[in-house]
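Visitor: Got a structure for you, written out below as structure tokens; questions coming shortly.
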Amino acid sequence: MTQKPATLHVDKPWGSFDQFVLNTPCTVKILTCSPGAKLSLQRHRLRNELWVALDAGVVVELDGKVLTPDKGAQIWLPAGSIHRLSCEAARTSPVRVLEISLGTFDEDDIERLEDVYGRN
């Protein structure tokens with residue numbers, strides 16, 4: 001498994017910043033998942049991902065464990081890990097996750113192991 005990159009925290013007079021990557025090829029997205037919905041159970045060979053929970057109510061399946069991270073929590077998804085994002089059905093609003101993909105980003109690298117929408 002690939003090690004999670006160190007997050008650099010820097011305090012400034014105006015507050016602080018957390019730096020996840022520097023001069024590294026990456027893809028950054030915000031995933032939005034509707035109440036009661038879930039992404040496919042999947043894995044990637046060519047990339048690692050760092051997810052940051054932007055809202056309460058995020059549910060993450062990671063290698064057979066179910067995580068309910070607090071807002072702001074970071075979840076490291078190494079290449080080859082089996083994972084899925086979902087949103088609690090009882091919520092009235094979607095949840096969001098900041099996704100930083102490190103490595104080769106290619107939608108064809110998604111190996112879907114289970115998908116409620118009938119995708120391969």
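In the structure tokens, chains take letters A, B, ... by order of appearance, with residues numbered from 1 within each chain and ligands from 1 in the order shown.
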So that I can check the surroundings of Thr104 in chain A, please list as JSON, numbers by chain every protein, DNA and RNA residue that reaches within 10 Å of it, counting only C-alpha atoms and ignoring chain neighbours fewer than 5 positions away.

Guide: {"A": [25, 26, 27, 44, 45, 46, 47, 48, 109]}

Visitor: Can you list, as a list in words, every protein, DNA or RNA residue that comes within 7 Å of Cys33 in chain A when you count only C-alpha atoms, leaving out same-chain residues fewer than 4 positions away?

Guide: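 That gives Ala37, Lys38, Ser86, Cys87, Pro94, Val95 and Arg96 of chain A.
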
Visitor: May I have all residues of range 15-55 of chain A that DSSP, computed from the backbone, assigns to strand (DSSP E or B), given as a PyMOL selection string?

Guide: chain A and resi 15-19+26-33+38+41-44+47-53

Visitor: May I have the residues from that selection written out with N, CA and C atoms, as a PDB file, in the first residue's frame?

Guide:
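The resulting file, result-v1.pdb, is shown below:
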```pdb
ATOM      1  N   GLY A  15      -4.920  33.080  10.071  1.00  0.00           N
ATOM      2  CA  GLY A  15      -5.532  31.754  10.271  1.00  0.00           C
ATOM      3  C   GLY A  15      -4.511  30.673   9.963  1.00  0.00           C
ATOM      4  N   SER A  16      -4.817  29.810   8.977  1.00  0.00           N
ATOM      5  CA  SER A  16      -3.893  28.738   8.617  1.00  0.00           C
ATOM      6  C   SER A  16      -4.276  28.151   7.273  1.00  0.00           C
ATOM      7  N   PHE A  17      -3.388  27.297   6.729  1.00  0.00           N
ATOM      8  CA  PHE A  17      -3.755  26.500   5.565  1.00  0.00           C
ATOM      9  C   PHE A  17      -3.187  25.101   5.732  1.00  0.00           C
ATOM     10  N   ASP A  18      -3.850  24.150   5.093  1.00  0.00           N
ATOM     11  CA  ASP A  18      -3.401  22.765   5.046  1.00  0.00           C
ATOM     12  C   ASP A  18      -3.077  22.456   3.595  1.00  0.00           C
ATOM     13  N   GLN A  19      -1.850  22.049   3.344  1.00  0.00           N
ATOM     14  CA  GLN A  19      -1.398  21.742   1.983  1.00  0.00           C
ATOM     15  C   GLN A  19      -1.348  20.235   1.816  1.00  0.00           C
ATOM     16  N   CYS A  26      -2.196  15.831 -10.039  1.00  0.00           N
ATOM     17  CA  CYS A  26      -3.374  15.370  -9.301  1.00  0.00           C
ATOM     18  C   CYS A  26      -4.631  15.893  -9.975  1.00  0.00           C
ATOM     19  N   THR A  27      -5.751  15.306  -9.601  1.00  0.00           N
ATOM     20  CA  THR A  27      -7.057  15.747 -10.054  1.00  0.00           C
ATOM     21  C   THR A  27      -7.876  16.039  -8.806  1.00  0.00           C
ATOM     22  N   VAL A  28      -8.550  17.176  -8.786  1.00  0.00           N
ATOM     23  CA  VAL A  28      -9.327  17.579  -7.615  1.00  0.00           C
ATOM     24  C   VAL A  28     -10.786  17.724  -8.032  1.00  0.00           C
ATOM     25  N   LYS A  29     -11.677  17.079  -7.271  1.00  0.00           N
ATOM     26  CA  LYS A  29     -13.109  17.144  -7.558  1.00  0.00           C
ATOM     27  C   LYS A  29     -13.861  17.290  -6.244  1.00  0.00           C
ATOM     28  N   ILE A  30     -15.095  17.756  -6.324  1.00  0.00           N
ATOM     29  CA  ILE A  30     -16.016  17.670  -5.198  1.00  0.00           C
ATOM     30  C   ILE A  30     -17.112  16.708  -5.620  1.00  0.00           C
ATOM     31  N   LEU A  31     -17.241  15.613  -4.858  1.00  0.00           N
ATOM     32  CA  LEU A  31     -18.299  14.628  -5.099  1.00  0.00           C
ATOM     33  C   LEU A  31     -19.515  15.033  -4.271  1.00  0.00           C
ATOM     34  N   THR A  32     -20.690  15.026  -4.869  1.00  0.00           N
ATOM     35  CA  THR A  32     -21.933  15.339  -4.171  1.00  0.00           C
ATOM     36  C   THR A  32     -22.836  14.121  -4.267  1.00  0.00           C
ATOM     37  N   CYS A  33     -23.261  13.616  -3.115  1.00  0.00           N
ATOM     38  CA  CYS A  33     -24.073  12.399  -3.065  1.00  0.00           C
ATOM     39  C   CYS A  33     -25.421  12.728  -2.427  1.00  0.00           C
ATOM     40  N   LYS A  38     -25.790   6.144  -3.329  1.00  0.00           N
ATOM     41  CA  LYS A  38     -24.436   5.671  -3.103  1.00  0.00           C
ATOM     42  C   LYS A  38     -23.742   5.472  -4.442  1.00  0.00           C
ATOM     43  N   LEU A  41     -19.445   0.400  -5.559  1.00  0.00           N
ATOM     44  CA  LEU A  41     -18.349  -0.173  -4.770  1.00  0.00           C
ATOM     45  C   LEU A  41     -17.244  -0.408  -5.779  1.00  0.00           C
ATOM     46  N   GLN A  42     -16.072   0.207  -5.583  1.00  0.00           N
ATOM     47  CA  GLN A  42     -15.078   0.251  -6.645  1.00  0.00           C
ATOM     48  C   GLN A  42     -13.659   0.240  -6.110  1.00  0.00           C
ATOM     49  N   ARG A  43     -12.724   0.091  -7.042  1.00  0.00           N
ATOM     50  CA  ARG A  43     -11.305   0.256  -6.743  1.00  0.00           C
ATOM     51  C   ARG A  43     -10.611   0.766  -7.996  1.00  0.00           C
ATOM     52  N   HIS A  44      -9.402   1.303  -7.780  1.00  0.00           N
ATOM     53  CA  HIS A  44      -8.582   1.840  -8.874  1.00  0.00           C
ATOM     54  C   HIS A  44      -7.186   1.242  -8.773  1.00  0.00           C
ATOM     55  N   ARG A  47      -4.392   5.028  -9.224  1.00  0.00           N
ATOM     56  CA  ARG A  47      -4.399   6.250  -8.429  1.00  0.00           C
ATOM     57  C   ARG A  47      -4.769   5.991  -6.968  1.00  0.00           C
ATOM     58  N   ASN A  48      -4.231   6.844  -6.115  1.00  0.00           N
ATOM     59  CA  ASN A  48      -4.622   6.933  -4.714  1.00  0.00           C
ATOM     60  C   ASN A  48      -5.577   8.108  -4.615  1.00  0.00           C
ATOM     61  N   GLU A  49      -6.414   8.098  -3.594  1.00  0.00           N
ATOM     62  CA  GLU A  49      -7.314   9.225  -3.398  1.00  0.00           C
ATOM     63  C   GLU A  49      -7.297   9.645  -1.935  1.00  0.00           C
ATOM     64  N   LEU A  50      -7.400  10.947  -1.732  1.00  0.00           N
ATOM     65  CA  LEU A  50      -7.607  11.506  -0.408  1.00  0.00           C
ATOM     66  C   LEU A  50      -8.974  12.165  -0.431  1.00  0.00           C
ATOM     67  N   TRP A  51      -9.860  11.722   0.455  1.00  0.00           N
ATOM     68  CA  TRP A  51     -11.187  12.319   0.561  1.00  0.00           C
ATOM     69  C   TRP A  51     -11.228  13.151   1.830  1.00  0.00           C
ATOM     70  N   VAL A  52     -11.841  14.337   1.736  1.00  0.00           N
ATOM     71  CA  VAL A  52     -12.062  15.194   2.888  1.00  0.00           C
ATOM     72  C   VAL A  52     -13.571  15.410   2.980  1.00  0.00           C
ATOM     73  N   ALA A  53     -14.156  15.005   4.105  1.00  0.00           N
ATOM     74  CA  ALA A  53     -15.608  15.154   4.305  1.00  0.00           C
ATOM     75  C   ALA A  53     -15.929  16.644   4.463  1.00  0.00           C
TER      76      ALA A  53
END
```

Visitor: Pick the closest to Gly57 in chain A from A:Asn23, A:Thr92, A:Ser81, A:Thr7: which is it, counting only C-alpha atoms?

Guide: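 Under the stated criterion, the closest residue is A:Thr92.
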